[in-house]
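The block underneath contains the structure these notes are about, expressed in structure tokens.
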Amino acid sequence: MLLQIPEVLSADQILGCRKVLESNDWVDGRITAGHQSARAKDNLQLPEDNEDARQLGNTILQALENNPLFMAAALPLKVFPPLFNRYQDGQSFGNHVDNAIRQVTGTPHRVRTDLSATLFFSNPDEYDGGELVVEDTYGVHSVKLPAGHLILYPASSLHHVRPVTRGARLASFFWIQSMVRDDGERTILFDLDVAVQRLMSDVPDHPSVVELTSLYHNLLRRWADV
Ligand code: NI
């Protein structure tokens, strides 16, 4: 499932974050790439131990925790501390797949990457190119969202970022280990959740609300690992 999550950060938060990002020291993005993806990758990143990056990452993690759509779709168990990248001057990231397991640098913590996320910090009219292109079983999807919006997609999918030929593209990217590892099962739970929420708001006293909620939790119990 490919899902857009609008307005994860407010316009004010984006402004504040951008001030910090734009005045920071960026380094070659190959520092976090795996063996295959290092050959395809050409961008800039903030170092993982950068204090500003850590604080901005915490702002993002807090916003995600308070975002019902993200919580329902990702069913997160662990979220990798957000990283930040920048593409400019024709930079791109060729087709690759993200590493299945990521260790949080300097810690014993590992995250299985079930889902990948990109949170946009630049608006589409500020740069040309820079689309995130994701291939899944339904085809090829080209994604370029307003600042503050996030795209969630299966980490198992092949994807690339097209060359940025004008301006700069700032974004945060990170991975989620979900309580429900399988994308198909997670999608069924999300679809059921959305349908129950709609029924609950349209016909609050309908007896099926309780039955369907029970069904949701029984499926979650069957499929989730915590
Ligand atoms: Ni990637």
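Within each chain, counting starts at residue 1; across the structure tokens, chains are named A, B, ... in the order shown, with ligands numbered 1 upward in that order.
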
Subject >> Near-A:Arg162 list (6 Å; only C-alpha atoms; drop same-chain fewer than 2 positions) as a ChimeraX atom specification >> reply: /A:92,129-131

Protein and nucleic residues near ligand 1, 8 Å, only C-alpha atoms and all ligand atoms, as a PDB file with C-alpha atoms, in the first residue's frame:
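What follows is the written file pocket_12.pdb:
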```pdb
ATOM      1  CA  SER A  37      22.515   1.436  -3.007  1.00  0.00           C
ATOM      2  CA  HIS A  96      17.415   0.429  -5.287  1.00  0.00           C
ATOM      3  CA  VAL A  97      15.785  -1.456  -2.455  1.00  0.00           C
ATOM      4  CA  ASP A  98      16.266  -0.363   1.161  1.00  0.00           C
ATOM      5  CA  SER A 116       9.662   3.395   4.193  1.00  0.00           C
ATOM      6  CA  ALA A 155      10.152  -0.947   2.065  1.00  0.00           C
ATOM      7  CA  LEU A 158      12.126  -0.853  -5.730  1.00  0.00           C
ATOM      8  CA  HIS A 159      12.303   2.922  -5.826  1.00  0.00           C
ATOM      9  CA  HIS A 160      14.411   5.854  -7.016  1.00  0.00           C
TER      10      HIS A 160
END
```

Among stretch 1-141 of chain A, which ones does DSSP assign to helix (DSSP H, G or I) (computed from the backbone)? Answer as a CSV table (one decimal) with all heavy atoms, in the first residue's frame.
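Once everything was written out, this is result.csv:
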```csv
chain,number,residue,atom,x,y,z
A,11,ALA,N,2.5,24.4,8.8
A,11,ALA,CA,3.3,25.3,8.0
A,11,ALA,C,4.4,26.0,8.9
A,11,ALA,O,5.5,26.2,8.5
A,11,ALA,CB,2.4,26.4,7.4
A,12,ASP,N,4.0,26.3,10.2
A,12,ASP,CA,4.9,26.9,11.1
A,12,ASP,C,6.1,26.0,11.4
A,12,ASP,O,7.3,26.4,11.5
A,12,ASP,CB,4.2,27.3,12.4
A,12,ASP,CG,3.5,28.6,12.3
A,12,ASP,OD1,3.7,29.3,11.3
A,12,ASP,OD2,2.8,29.0,13.3
A,13,GLN,N,5.8,24.7,11.7
A,13,GLN,CA,6.8,23.7,12.0
A,13,GLN,C,7.8,23.6,10.8
A,13,GLN,O,9.0,23.5,11.0
A,13,GLN,CB,6.2,22.4,12.3
A,13,GLN,CG,5.6,22.3,13.7
A,13,GLN,CD,4.9,21.0,14.0
A,13,GLN,OE1,4.0,20.6,13.2
A,13,GLN,NE2,5.2,20.4,15.1
A,14,ILE,N,7.2,23.5,9.6
A,14,ILE,CA,8.0,23.4,8.4
A,14,ILE,C,9.0,24.6,8.3
A,14,ILE,O,10.2,24.4,8.0
A,14,ILE,CB,7.2,23.3,7.1
A,14,ILE,CG1,6.5,22.0,7.0
A,14,ILE,CG2,8.0,23.6,5.9
A,14,ILE,CD1,7.4,20.8,6.8
A,15,LEU,N,8.5,25.8,8.5
A,15,LEU,CA,9.3,27.0,8.5
A,15,LEU,C,10.5,26.9,9.4
A,15,LEU,O,11.7,27.1,9.1
A,15,LEU,CB,8.5,28.2,8.8
A,15,LEU,CG,7.9,29.0,7.6
A,15,LEU,CD1,7.1,30.2,8.1
A,15,LEU,CD2,8.9,29.4,6.6
A,16,GLY,N,10.2,26.5,10.7
A,16,GLY,CA,11.2,26.4,11.7
A,16,GLY,C,12.2,25.3,11.3
A,16,GLY,O,13.4,25.5,11.5
A,17,CYS,N,11.8,24.2,10.9
A,17,CYS,CA,12.7,23.1,10.5
A,17,CYS,C,13.6,23.5,9.3
A,17,CYS,O,14.8,23.2,9.3
A,17,CYS,CB,11.9,21.8,10.1
A,17,CYS,SG,11.0,21.0,11.4
A,18,ARG,N,13.0,24.2,8.4
A,18,ARG,CA,13.8,24.6,7.2
A,18,ARG,C,14.9,25.5,7.6
A,18,ARG,O,16.0,25.5,7.0
A,18,ARG,CB,12.9,25.2,6.1
A,18,ARG,CG,12.2,24.1,5.4
A,18,ARG,CD,11.4,24.6,4.2
A,18,ARG,NE,12.3,25.3,3.3
A,18,ARG,CZ,12.0,25.4,2.0
A,18,ARG,NH1,11.0,24.8,1.5
A,18,ARG,NH2,12.8,26.2,1.2
A,19,LYS,N,14.6,26.4,8.5
A,19,LYS,CA,15.7,27.3,8.9
A,19,LYS,C,16.9,26.6,9.4
A,19,LYS,O,18.0,26.8,9.1
A,19,LYS,CB,15.2,28.2,10.1
A,19,LYS,CG,14.8,29.6,9.6
A,19,LYS,CD,14.5,30.5,10.7
A,19,LYS,CE,13.5,31.6,10.3
A,19,LYS,NZ,12.6,32.0,11.3
A,20,VAL,N,16.6,25.6,10.2
A,20,VAL,CA,17.7,24.7,10.8
A,20,VAL,C,18.4,23.9,9.7
A,20,VAL,O,19.6,23.8,9.6
A,20,VAL,CB,17.1,23.8,11.9
A,20,VAL,CG1,18.2,22.8,12.4
A,20,VAL,CG2,16.5,24.6,13.0
A,21,LEU,N,17.6,23.3,8.8
A,21,LEU,CA,18.1,22.5,7.7
A,21,LEU,C,19.0,23.3,6.8
A,21,LEU,O,20.1,22.9,6.4
A,21,LEU,CB,17.0,21.8,6.9
A,21,LEU,CG,16.2,20.7,7.7
A,21,LEU,CD1,15.1,20.2,6.8
A,21,LEU,CD2,17.1,19.6,8.0
A,22,GLU,N,18.5,24.5,6.4
A,22,GLU,CA,19.2,25.3,5.4
A,22,GLU,C,20.6,25.8,5.9
A,22,GLU,O,21.5,26.1,5.1
A,22,GLU,CB,18.3,26.4,4.9
A,22,GLU,CG,17.4,25.8,3.8
A,22,GLU,CD,16.2,26.7,3.5
A,22,GLU,OE1,16.1,27.8,4.1
A,22,GLU,OE2,15.3,26.2,2.8
A,29,GLY,N,25.8,11.7,1.0
A,29,GLY,CA,24.7,10.8,1.5
A,29,GLY,C,25.1,9.3,1.5
A,29,GLY,O,24.4,8.5,2.0
A,30,ARG,N,26.2,8.9,0.9
A,30,ARG,CA,26.6,7.5,0.8
A,30,ARG,C,26.9,6.9,2.2
A,30,ARG,O,27.0,5.7,2.3
A,30,ARG,CB,27.7,7.3,-0.2
A,30,ARG,CG,27.2,7.2,-1.6
A,30,ARG,CD,28.4,7.2,-2.6
A,30,ARG,NE,28.8,8.5,-2.9
A,30,ARG,CZ,28.8,9.1,-4.0
A,30,ARG,NH1,28.4,8.5,-5.1
A,30,ARG,NH2,29.3,10.4,-4.2
A,31,ILE,N,27.0,7.8,3.2
A,31,ILE,CA,27.4,7.3,4.5
A,31,ILE,C,26.4,6.3,5.1
A,31,ILE,O,26.7,5.4,5.9
A,31,ILE,CB,27.6,8.4,5.6
A,31,ILE,CG1,26.4,9.4,5.5
A,31,ILE,CG2,28.9,9.1,5.5
A,31,ILE,CD1,26.4,10.4,6.7
A,32,THR,N,25.1,6.4,4.7
A,32,THR,CA,24.1,5.5,5.3
A,32,THR,C,23.6,4.4,4.3
A,32,THR,O,22.7,3.7,4.5
A,32,THR,CB,22.8,6.2,5.8
A,32,THR,OG1,22.3,6.9,4.7
A,32,THR,CG2,23.2,7.1,6.9
A,35,HIS,N,25.6,-1.6,0.3
A,35,HIS,CA,26.6,-1.9,-0.7
A,35,HIS,C,26.0,-1.6,-2.1
A,35,HIS,O,26.6,-0.8,-2.9
A,35,HIS,CB,27.0,-3.3,-0.6
A,35,HIS,CG,28.1,-3.6,-1.6
A,35,HIS,ND1,29.3,-3.1,-1.5
A,35,HIS,CD2,28.1,-4.4,-2.7
A,35,HIS,CE1,30.1,-3.5,-2.5
A,35,HIS,NE2,29.4,-4.3,-3.2
A,36,GLN,N,24.8,-2.1,-2.4
A,36,GLN,CA,24.2,-1.9,-3.7
A,36,GLN,C,23.8,-0.4,-3.9
A,36,GLN,O,24.0,0.2,-4.9
A,36,GLN,CB,23.0,-2.8,-3.9
A,36,GLN,CG,22.4,-2.7,-5.3
A,36,GLN,CD,21.3,-1.7,-5.5
A,36,GLN,OE1,20.5,-1.5,-4.5
A,36,GLN,NE2,21.2,-1.0,-6.6
A,37,SER,N,23.1,0.1,-2.8
A,37,SER,CA,22.5,1.4,-3.0
A,37,SER,C,23.6,2.5,-3.0
A,37,SER,O,23.3,3.6,-3.6
A,37,SER,CB,21.4,1.7,-2.0
A,37,SER,OG,22.0,1.6,-0.7
A,38,ALA,N,24.8,2.3,-2.4
A,38,ALA,CA,25.8,3.3,-2.5
A,38,ALA,C,26.2,3.6,-3.9
A,38,ALA,O,26.6,4.8,-4.2
A,38,ALA,CB,27.0,2.8,-1.7
A,39,ARG,N,26.1,2.7,-4.8
A,39,ARG,CA,26.5,2.9,-6.2
A,39,ARG,C,25.5,3.8,-6.9
A,39,ARG,O,25.8,4.4,-7.9
A,39,ARG,CB,26.7,1.6,-6.9
A,39,ARG,CG,27.9,0.8,-6.4
A,39,ARG,CD,28.0,-0.6,-6.8
A,39,ARG,NE,27.5,-0.8,-8.2
A,39,ARG,CZ,27.6,-2.0,-8.8
A,39,ARG,NH1,28.1,-3.0,-8.2
A,39,ARG,NH2,27.1,-2.1,-10.0
A,40,ALA,N,24.2,3.7,-6.4
A,40,ALA,CA,23.2,4.5,-7.1
A,40,ALA,C,22.9,5.8,-6.5
A,40,ALA,O,22.3,6.7,-7.1
A,40,ALA,CB,21.9,3.6,-7.0
A,51,GLU,N,23.2,17.1,16.2
A,51,GLU,CA,22.3,17.4,17.2
A,51,GLU,C,21.0,18.0,16.7
A,51,GLU,O,19.9,17.7,17.2
A,51,GLU,CB,23.0,18.3,18.3
A,51,GLU,CG,22.1,18.7,19.5
A,51,GLU,CD,21.5,17.5,20.2
A,51,GLU,OE1,22.1,16.4,20.2
A,51,GLU,OE2,20.5,17.7,20.9
A,52,ASP,N,21.1,18.9,15.7
A,52,ASP,CA,19.9,19.5,15.1
A,52,ASP,C,19.1,18.5,14.5
A,52,ASP,O,17.8,18.5,14.6
A,52,ASP,CB,20.3,20.6,14.0
A,52,ASP,CG,20.9,21.8,14.6
A,52,ASP,OD1,20.6,22.1,15.8
A,52,ASP,OD2,21.7,22.5,14.0
A,53,ALA,N,19.7,17.5,13.8
A,53,ALA,CA,18.9,16.5,13.1
A,53,ALA,C,18.2,15.6,14.1
A,53,ALA,O,17.0,15.2,13.9
A,53,ALA,CB,19.9,15.6,12.3
A,54,ARG,N,18.9,15.4,15.3
A,54,ARG,CA,18.2,14.6,16.3
A,54,ARG,C,17.0,15.3,16.8
A,54,ARG,O,15.9,14.7,17.0
A,54,ARG,CB,19.2,14.3,17.4
A,54,ARG,CG,19.0,13.0,18.2
A,54,ARG,CD,19.9,12.9,19.4
A,54,ARG,NE,19.9,14.1,20.3
A,54,ARG,CZ,18.9,14.3,21.1
A,54,ARG,NH1,17.9,13.4,21.3
A,54,ARG,NH2,18.9,15.4,21.9
A,55,GLN,N,17.1,16.6,17.0
A,55,GLN,CA,15.9,17.3,17.6
A,55,GLN,C,14.8,17.4,16.6
A,55,GLN,O,13.6,17.3,16.9
A,55,GLN,CB,16.4,18.7,18.0
A,55,GLN,CG,17.1,18.7,19.3
A,55,GLN,CD,17.4,20.1,19.8
A,55,GLN,OE1,16.9,21.1,19.3
A,55,GLN,NE2,18.4,20.2,20.7
A,56,LEU,N,15.2,17.7,15.3
A,56,LEU,CA,14.1,17.7,14.3
A,56,LEU,C,13.4,16.3,14.1
A,56,LEU,O,12.2,16.2,14.0
A,56,LEU,CB,14.7,18.1,12.9
A,56,LEU,CG,15.3,19.5,12.8
A,56,LEU,CD1,15.8,19.8,11.3
A,56,LEU,CD2,14.2,20.6,13.1
A,57,GLY,N,14.3,15.3,14.3
A,57,GLY,CA,13.7,13.9,14.2
A,57,GLY,C,12.7,13.7,15.3
A,57,GLY,O,11.7,13.1,15.1
A,58,ASN,N,13.0,14.2,16.5
A,58,ASN,CA,12.1,14.0,17.6
A,58,ASN,C,10.8,14.8,17.4
A,58,ASN,O,9.7,14.3,17.7
A,58,ASN,CB,12.7,14.5,18.9
A,58,ASN,CG,13.7,13.5,19.4
A,58,ASN,OD1,13.7,12.4,19.0
A,58,ASN,ND2,14.6,14.0,20.3
A,59,THR,N,10.9,16.0,16.7
A,59,THR,CA,9.6,16.7,16.4
A,59,THR,C,8.8,15.9,15.4
A,59,THR,O,7.6,15.8,15.6
A,59,THR,CB,10.0,18.0,15.6
A,59,THR,OG1,10.9,18.8,16.5
A,59,THR,CG2,8.8,18.8,15.3
A,60,ILE,N,9.4,15.2,14.5
A,60,ILE,CA,8.7,14.4,13.5
A,60,ILE,C,8.1,13.2,14.2
A,60,ILE,O,6.9,12.9,14.0
A,60,ILE,CB,9.6,13.9,12.4
A,60,ILE,CG1,10.1,15.1,11.6
A,60,ILE,CG2,9.0,12.9,11.5
A,60,ILE,CD1,11.2,14.8,10.6
A,61,LEU,N,8.9,12.5,15.1
A,61,LEU,CA,8.3,11.3,15.8
A,61,LEU,C,7.1,11.7,16.6
A,61,LEU,O,6.1,10.9,16.7
A,61,LEU,CB,9.4,10.7,16.7
A,61,LEU,CG,10.6,10.1,15.9
A,61,LEU,CD1,11.7,9.6,16.9
A,61,LEU,CD2,10.2,9.0,15.0
A,62,GLN,N,7.2,12.8,17.3
A,62,GLN,CA,6.0,13.3,18.1
A,62,GLN,C,4.8,13.6,17.2
A,62,GLN,O,3.7,13.2,17.6
A,62,GLN,CB,6.4,14.6,18.8
A,62,GLN,CG,5.7,14.8,20.1
A,62,GLN,CD,6.5,15.7,21.1
A,62,GLN,OE1,7.2,16.6,20.6
A,62,GLN,NE2,6.4,15.4,22.3
A,63,ALA,N,5.0,14.2,16.1
A,63,ALA,CA,3.9,14.5,15.2
A,63,ALA,C,3.3,13.2,14.7
A,63,ALA,O,2.1,13.1,14.6
A,63,ALA,CB,4.4,15.3,14.0
A,64,LEU,N,4.1,12.2,14.4
A,64,LEU,CA,3.6,10.9,13.9
A,64,LEU,C,2.7,10.2,15.0
A,64,LEU,O,1.7,9.6,14.7
A,64,LEU,CB,4.7,10.0,13.5
A,64,LEU,CG,5.6,10.4,12.3
A,64,LEU,CD1,6.8,9.5,12.1
A,64,LEU,CD2,4.7,10.4,11.1
A,65,GLU,N,3.2,10.3,16.2
A,65,GLU,CA,2.5,9.6,17.3
A,65,GLU,C,1.1,10.2,17.5
A,65,GLU,O,0.1,9.6,17.9
A,65,GLU,CB,3.2,9.8,18.7
A,65,GLU,CG,4.0,8.6,19.1
A,65,GLU,CD,4.8,8.8,20.3
A,65,GLU,OE1,4.2,9.3,21.3
A,65,GLU,OE2,6.0,8.5,20.3
A,68,PRO,N,-3.5,10.1,13.6
A,68,PRO,CA,-4.3,8.9,13.6
A,68,PRO,C,-4.1,8.1,12.3
A,68,PRO,O,-4.1,6.9,12.3
A,68,PRO,CB,-5.7,9.4,13.8
A,68,PRO,CG,-5.6,10.8,14.3
A,68,PRO,CD,-4.3,11.3,13.8
A,69,LEU,N,-4.0,8.8,11.2
A,69,LEU,CA,-3.9,8.1,9.9
A,69,LEU,C,-2.6,7.4,9.8
A,69,LEU,O,-2.6,6.2,9.4
A,69,LEU,CB,-4.0,9.2,8.8
A,69,LEU,CG,-4.0,8.6,7.4
A,69,LEU,CD1,-5.1,7.6,7.1
A,69,LEU,CD2,-4.1,9.8,6.3
A,70,PHE,N,-1.5,8.0,10.3
A,70,PHE,CA,-0.2,7.3,10.3
A,70,PHE,C,-0.3,6.0,11.2
A,70,PHE,O,0.2,4.9,10.8
A,70,PHE,CB,0.9,8.2,10.8
A,70,PHE,CG,2.3,7.5,10.9
A,70,PHE,CD1,3.1,7.2,9.9
A,70,PHE,CD2,2.7,7.1,12.2
A,70,PHE,CE1,4.3,6.5,10.0
A,70,PHE,CE2,3.9,6.4,12.4
A,70,PHE,CZ,4.7,6.1,11.3
A,71,MET,N,-0.8,6.2,12.4
A,71,MET,CA,-0.9,5.1,13.4
A,71,MET,C,-1.7,4.0,12.8
A,71,MET,O,-1.3,2.8,13.0
A,71,MET,CB,-1.4,5.6,14.7
A,71,MET,CG,-0.6,6.7,15.4
A,71,MET,SD,1.1,6.2,15.7
A,71,MET,CE,0.9,5.1,17.2
A,72,ALA,N,-2.8,4.3,12.2
A,72,ALA,CA,-3.7,3.2,11.7
A,72,ALA,C,-3.1,2.5,10.5
A,72,ALA,O,-3.2,1.3,10.3
A,72,ALA,CB,-5.0,3.8,11.2
A,73,ALA,N,-2.3,3.2,9.6
A,73,ALA,CA,-1.8,2.6,8.4
A,73,ALA,C,-0.5,1.9,8.7
A,73,ALA,O,-0.3,0.8,8.2
A,73,ALA,CB,-1.5,3.7,7.4
A,74,ALA,N,0.4,2.4,9.6
A,74,ALA,CA,1.7,1.8,9.8
A,74,ALA,C,1.7,0.8,11.0
A,74,ALA,O,2.5,-0.1,11.0
A,74,ALA,CB,2.7,2.9,10.1
A,124,PRO,N,6.6,21.5,-4.2
A,124,PRO,CA,6.9,21.1,-5.5
A,124,PRO,C,7.4,22.2,-6.5
A,124,PRO,O,8.1,22.0,-7.4
A,124,PRO,CB,5.6,20.5,-6.0
A,124,PRO,CG,4.9,20.1,-4.7
A,124,PRO,CD,5.3,21.1,-3.7
A,125,ASP,N,6.9,23.5,-6.2
A,125,ASP,CA,7.3,24.5,-7.2
A,125,ASP,C,8.7,25.1,-6.9
A,125,ASP,O,9.2,25.9,-7.6
A,125,ASP,CB,6.2,25.7,-7.1
A,125,ASP,CG,6.1,26.3,-5.7
A,125,ASP,OD1,6.8,25.8,-4.8
A,125,ASP,OD2,5.3,27.3,-5.6
A,126,GLU,N,9.4,24.6,-5.8
A,126,GLU,CA,10.7,25.1,-5.5
A,126,GLU,C,11.8,24.3,-6.3
A,126,GLU,O,13.0,24.7,-6.2
A,126,GLU,CB,11.0,25.0,-4.0
A,126,GLU,CG,10.1,25.9,-3.2
A,126,GLU,CD,10.3,25.6,-1.7
A,126,GLU,OE1,9.7,24.7,-1.1
A,126,GLU,OE2,11.2,26.4,-1.1
```

Tell me which protein, DNA and RNA residues are within 12 Å of stretch 195-206 of chain A, counting only C-alpha atoms, leaving out same-chain ones fewer than 3 positions away, and put them as a compact mmCIF listing (two decimals) with C-alpha atoms, in the first residue's frame.
```txt
# COMPACT_ATOMS: atom_id res chain seq x y z
CA PRO A 68 -4.26 8.89 13.64
CA LEU A 69 -3.89 8.14 9.91
CA ALA A 72 -3.71 3.23 11.66
CA ILE A 188 -6.64 -5.38 5.22
CA LEU A 189 -6.52 -4.05 8.79
CA PHE A 190 -6.25 -0.46 7.57
CA ASP A 191 -9.16 -0.84 5.12
CA LEU A 192 -11.31 -2.40 7.85
CA VAL A 209 -19.90 -1.19 14.85
CA VAL A 210 -19.18 -3.44 17.83
CA GLU A 211 -19.05 -6.61 15.71
CA LEU A 212 -16.66 -5.07 13.18
CA THR A 213 -14.49 -3.54 15.91
CA SER A 214 -14.25 -6.97 17.48
CA LEU A 215 -13.31 -8.46 14.10
CA TYR A 216 -10.58 -5.82 13.71
CA HIS A 217 -9.05 -6.63 17.08
```

**OP:** From stretch 10-146 of chain A, collect each residue whose DSSP state is strand (DSSP E or B) and return the set as a ChimeraX atom specification.
**Re:** /A:27-28,41-42,44-45,76-79,83-88,92-96,101-103,110-112,115-120,128-129,132-136,139-143

Now that the selection is made, can you save its residues with C-alpha atoms as a PDB file, in the first residue's frame?
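And here's again.pdb as it stands now:
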```pdb
ATOM      1  CA  VAL A  27      27.745  15.600   3.944  1.00  0.00           C
ATOM      2  CA  ASP A  28      27.857  12.941   1.214  1.00  0.00           C
ATOM      3  CA  LYS A  41      23.119   7.214  -4.511  1.00  0.00           C
ATOM      4  CA  ASP A  42      24.140  10.813  -5.118  1.00  0.00           C
ATOM      5  CA  LEU A  44      23.605  15.101   0.656  1.00  0.00           C
ATOM      6  CA  GLN A  45      22.634  14.166   4.207  1.00  0.00           C
ATOM      7  CA  PRO A  76       4.258   1.061  14.222  1.00  0.00           C
ATOM      8  CA  LEU A  77       6.296  -1.000  16.653  1.00  0.00           C
ATOM      9  CA  LYS A  78       9.559   0.923  16.139  1.00  0.00           C
ATOM     10  CA  VAL A  79      10.413   3.975  14.063  1.00  0.00           C
ATOM     11  CA  LEU A  83      17.331  11.139   8.656  1.00  0.00           C
ATOM     12  CA  PHE A  84      17.501  14.186   6.392  1.00  0.00           C
ATOM     13  CA  ASN A  85      18.568  14.508   2.776  1.00  0.00           C
ATOM     14  CA  ARG A  86      19.039  17.165   0.164  1.00  0.00           C
ATOM     15  CA  TYR A  87      19.189  16.864  -3.620  1.00  0.00           C
ATOM     16  CA  GLN A  88      20.403  19.690  -5.873  1.00  0.00           C
ATOM     17  CA  SER A  92      19.531  11.675  -7.887  1.00  0.00           C
ATOM     18  CA  PHE A  93      19.202   8.238  -6.314  1.00  0.00           C
ATOM     19  CA  GLY A  94      19.019   5.386  -8.832  1.00  0.00           C
ATOM     20  CA  ASN A  95      16.781   2.331  -8.519  1.00  0.00           C
ATOM     21  CA  HIS A  96      17.415   0.429  -5.287  1.00  0.00           C
ATOM     22  CA  ILE A 101      17.468  -4.391   8.785  1.00  0.00           C
ATOM     23  CA  ARG A 102      18.890  -1.098  10.021  1.00  0.00           C
ATOM     24  CA  GLN A 103      20.902  -0.613  13.142  1.00  0.00           C
ATOM     25  CA  ARG A 110      17.786  -2.763  15.201  1.00  0.00           C
ATOM     26  CA  VAL A 111      14.728  -1.957  13.115  1.00  0.00           C
ATOM     27  CA  ARG A 112      13.269  -4.291  10.485  1.00  0.00           C
ATOM     28  CA  LEU A 115       7.692   0.493   5.645  1.00  0.00           C
ATOM     29  CA  SER A 116       9.662   3.395   4.193  1.00  0.00           C
ATOM     30  CA  ALA A 117       8.579   6.989   4.682  1.00  0.00           C
ATOM     31  CA  THR A 118       9.536  10.277   3.059  1.00  0.00           C
ATOM     32  CA  LEU A 119       8.436  13.569   4.607  1.00  0.00           C
ATOM     33  CA  PHE A 120       8.771  16.503   2.206  1.00  0.00           C
ATOM     34  CA  ASP A 128      12.252  20.565 -10.894  1.00  0.00           C
ATOM     35  CA  GLY A 129      12.518  16.773 -10.969  1.00  0.00           C
ATOM     36  CA  LEU A 132      10.161   9.687  -5.679  1.00  0.00           C
ATOM     37  CA  VAL A 133       9.260   6.838  -8.042  1.00  0.00           C
ATOM     38  CA  VAL A 134       8.006   3.652  -6.369  1.00  0.00           C
ATOM     39  CA  GLU A 135       7.351   0.344  -8.124  1.00  0.00           C
ATOM     40  CA  ASP A 136       4.845  -1.942  -6.466  1.00  0.00           C
ATOM     41  CA  GLY A 139       2.622  -0.392 -11.196  1.00  0.00           C
ATOM     42  CA  VAL A 140       4.920   2.612 -11.043  1.00  0.00           C
ATOM     43  CA  HIS A 141       3.980   5.622  -8.889  1.00  0.00           C
ATOM     44  CA  SER A 142       5.571   9.054  -9.093  1.00  0.00           C
ATOM     45  CA  VAL A 143       5.348  11.053  -5.874  1.00  0.00           C
TER      46      VAL A 143
END
```

Original post:
Quick one: of A:Leu2, A:Ile176, A:Leu145, A:Leu170, who's nearest to A:Phe80, counting only C-alpha atoms?
Top reply: A:Ile176

**OP:** For atom CA of A:Gly106 and atom CA of A:Ser178, determine how far apart the two atoms are, in Å to one decimal place.
**Re:**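 We find that atom CA of A:Gly106 and atom CA of A:Ser178 lie 22.5 Å from each other.
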
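Minimum atom-to-atom distance to A:Trp175, evaluated using only C-alpha atoms, belongs to A:Leu152 out of A:Leu152, A:Leu219, A:Leu46, A:Ala33.
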
Original post:
Pick from A:Asp25, A:Pro146, A:Leu75, A:Asp182: nearest to A:Phe121, with only C-alpha atoms counted?
Top reply: A:Pro146

**OP:** Quick one: pull the distance between atom CA of A:Gln91 and atom CA of A:Thr165, Å, one decimal.
**Re:** 7.8 Å

Original post:
When distances are computed from only C-alpha atoms, which of A:His109, A:Tyr153, A:Arg169, A:Gly90 shows the smallest separation from A:Ile5?
Top reply: A:Tyr153

Original post:
In Å, with one decimal, what is the gap from atom CA of A:Asn24 to atom CA of A:Glu48?
Top reply: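 Computed distance, atom CA of A:Asn24 to atom CA of A:Glu48, equals 12.8 Å.
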